[in-house]
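S.K.: To start, I am sharing the structure in question, which I have written as structure tokens.
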Amino acid sequence: MEQYHQQQRVDFLLQLYKEGTLNDDQHQELIDLLARPENQDRASLWLDEVWKQTPDQHFFSASKSNQLHQSVLSKIDPAEPKVWRLNKTIISIVAAAAVIAIVFSFLFLRQSNFAHTDTSLVSKKDTSAFIADLGPGGNKATLKLANNRVIVLDQVKNGLVLNAGNLLVKKSVEGQLIFQVNQASKNDAALSGQNILTTPAGGQYQVLLADGSKVWLNASSSLKFPSSFTGNERKVELTGEGYFEISKSKNQPFIVNAREMKVEVLGTHFNINAYPDEQLLATTLIEGSVKLTHRSNSVLLKPHEQANIKNGSFKLQKNIDVKDVLAWKEGYFVFDNEEIHSVMRKLSRWYNVKVEYEDPQVNEEFVGTISKFKNISEILKLLQATRTIKFKVLPSQDPTYERRVVVMK
């Protein structure tokens, strides 16, 4: 009889969810009920329905959601404790309740459009943890020209930025920097010198080079390039992360130097992640082909392949989900079994926050896809929905950062 009433209660709460009238207490009650072994059949049906009702894949990508869904259903055994791991050493989602919570809480918040604190993932007494909230980054960058002139691009109007002889530099409405050369000349200092486009923490930018190639820069990145490519090769230097769409030129290969890697192409699309504070250095090919050189190693990448360098060790990976790699460009954070320190480095670069850890040994992992254009409190609440970790957003005591985020167990 008790089981019958429990099932009735689950059905009632799910109906309230569908109607958009579920409150905080009922939200938590439903999560707890669905996580019980005797309600696994209902949890399975509910997860199936959630996946079908998330058309824009705003939280889980198709491949990752299917992988996580199957893992949840296969790992939860009524005869065993409801705890499972994403790998042998790190607990990332500690129970069925946590998996249900992270999906359900996202949709619950989405349903209320993050509009009211009484529908947040934390109780009212904990909302002060996010009192120093912070908005997302945007199109921000500085351009240092060959003559050492510095232009803060987000502070200048759209249109013509520079007119220097044969060189024109424009800023488009979409936040793109455009280099145009009327006539290339080796004697023209404005063309032969090196420019540096730099995005700050909390910034991103796109540049159209004089040869027609396009480069998107992620936050805390820089691209060093000439105004015009006049020699036998087109050479640039990347720090941080950038996505490249290179115009074809059989007689003038395009070369990107990024930390320990040299990437050579004739015309193709690829992504390079070369942040100085990341151990992993990666080049991912989207289409075409690239030749990658690292010390004595050289490899010709095919589409959906990635070359990784970590601690001097070279590795080739195949069948890469390029949508995940390019998520930053499309406005998303993608966490694929990603450890908390890596997650927080990404958030630090995009929101310009200083991250502090109460326990430096914290090592939870996360799976999910979250929009980059939410306030940082909304991102942290979604991560916090796993019930494995907590956060505080506080005023920054360091003028370099907008805020500071404290990670707590």
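Quick note on naming: the chains in the structure tokens go A, B, ... in the order shown, residues restart at 1 in each chain, and ligands are numbered from 1 in order of appearance.
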Looking only at the backbone, which of the residues in range 178-284 of chain A does DSSP tag as strand (DSSP E), as a ChimeraX atom specification?

M.R.: /A:178-181,194-199,203-208,214-217,221-226,234-245,254-258,261-265,269-274,280-284

S.K.: Using only C-alpha atoms, which of A:Lys171, A:His269, A:Arg259, A:Lys144 sits nearest Thr293 in chain A?

M.R.: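 Looking at the shortest contact to Thr293 in chain A, the residue is A:Arg259.
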
S.K.: Would you list the contacts of range 173-179 of chain A as a list in words, taking every protein, DNA or RNA residue within 6 Å and counting only C-alpha atoms, but skipping same-chain residues closer than 6 positions in sequence?

M.R.: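 Surrounding residues, per the criterion: Asn158, Gln206, Val207, Leu208, Leu209 and Ala210 of chain A.
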
S.K.: Which residue out of A:Leu217, A:Ile370, A:Leu266, A:Ile31 has the minimum interatomic distance to Gly202 in chain A when only C-alpha atoms are used?

M.R.: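 With only C-alpha atoms as the atom set, the closest residue is A:Leu217.
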
S.K.: Write out as an MDAnalysis selection string each polymer residue whose atoms come within 8 Å of Phe373 in chain A, counting only C-alpha atoms; drop sequence neighbours fewer than 3 positions from it.

M.R.: chainID A and resid 135:137 331:332

S.K.: Write out as an NGL selection string which residues come within 9 Å of Tyr17 in chain A when counting only C-alpha atoms, dropping same-chain ones fewer than 5 positions away.

M.R.: :A and (12 or 22-23 or 27 or 108)

S.K.: Quick one: distance from CA of Pro200 in chain A to CA of Val343 in chain A in Å, one decimal?

M.R.: 18.2 Å

S.K.: Determine which residues of range 127-327 of chain A DSSP labels as helix (DSSP H, G or I) from the backbone of this structure, then write them out as a list in words.

M.R.: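 The helix (DSSP H, G or I) residues within range 127-327 of chain A come out as Thr127, Ser128, Ala129, Phe130, Leu153, Asp154, Gln155, Ala189, Ala190, Leu191, Ser192, Val322, Lys323, Asp324, Val325 and Ala327 of chain A.
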
S.K.: Residues as selected, C-alpha atoms, written as an mmCIF file, in the first residue's frame, can you do that?

M.R.:
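Output file selection_15.cif is given in full below:
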data_model
loop_
_atom_site.group_PDB
_atom_site.id
_atom_site.type_symbol
_atom_site.label_atom_id
_atom_site.label_comp_id
_atom_site.auth_asym_id
_atom_site.auth_seq_id
_atom_site.Cartn_x
_atom_site.Cartn_y
_atom_site.Cartn_z
ATOM 1 C CA THR A 127 21.119 32.924 -1.786
ATOM 2 C CA SER A 128 23.596 35.294 -0.130
ATOM 3 C CA ALA A 129 26.339 32.990 -1.415
ATOM 4 C CA PHE A 130 25.774 34.589 -4.820
ATOM 5 C CA LEU A 153 38.146 47.781 -29.719
ATOM 6 C CA ASP A 154 35.135 47.601 -27.427
ATOM 7 C CA GLN A 155 35.531 51.346 -26.769
ATOM 8 C CA ALA A 189 55.802 49.511 -42.609
ATOM 9 C CA ALA A 190 52.058 49.388 -41.914
ATOM 10 C CA LEU A 191 51.846 46.136 -43.878
ATOM 11 C CA SER A 192 55.053 44.350 -42.975
ATOM 12 C CA VAL A 322 33.937 18.496 -33.026
ATOM 13 C CA LYS A 323 30.711 20.091 -31.771
ATOM 14 C CA ASP A 324 32.076 19.802 -28.259
ATOM 15 C CA VAL A 325 35.430 21.275 -29.323
ATOM 16 C CA ALA A 327 31.122 24.776 -28.248
#

S.K.: Could you tell me how far CA of Leu13 in chain A sits from CA of Leu33 in chain A, in Å to one decimal place?

M.R.: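 Between CA of Leu33 in chain A and CA of Leu13 in chain A the gap is 9.9 Å.
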
S.K.: For Val161 in chain A, list every protein, DNA or RNA residue within 8 Å, evaluated using only C-alpha atoms, and leave out those in the same chain fewer than 6 positions away; present the list as a list in words.

M.R.: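 Residues meeting the cut-off are Leu168, Val169, Lys170 and Lys171 of chain A.
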
S.K.: Using only C-alpha atoms, find the one residue out of A:Gln306, A:Gln361, A:Gln180, A:Asn195 that sits nearest to Leu145 in chain A.

M.R.: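 Of the candidates, the smallest distance to Leu145 in chain A is held by A:Asn195.
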
S.K.: Distance CA of Lys381 in chain A-CA of Thr199 in chain A, one decimal place?

M.R.: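 Interatomic distance here is 27.0 Å.
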
S.K.: Within 9 Å of range 241-246 of chain A, counting only C-alpha atoms, which residues qualify if same-chain residues fewer than 4 places away don't, as number ranges by chain?

M.R.: A: 211-223, 254, 265-275, 326, 329

S.K.: Just checking: using only C-alpha atoms, which residue out of A:Gly193, A:Ala132, A:Ser227, A:Asn319 ends up closest to Asn166 in chain A?

M.R.: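 That would be A:Ser227, the residue with the smallest distance to Asn166 in chain A.
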
S.K.: Between A:Ser396, A:Ser371, A:Ser377, A:Thr283, which has the minimum distance to Leu238 in chain A (counting only C-alpha atoms)?

M.R.: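 Among A:Ser396, A:Ser371, A:Ser377, A:Thr283, it is A:Thr283 that comes nearest to Leu238 in chain A.
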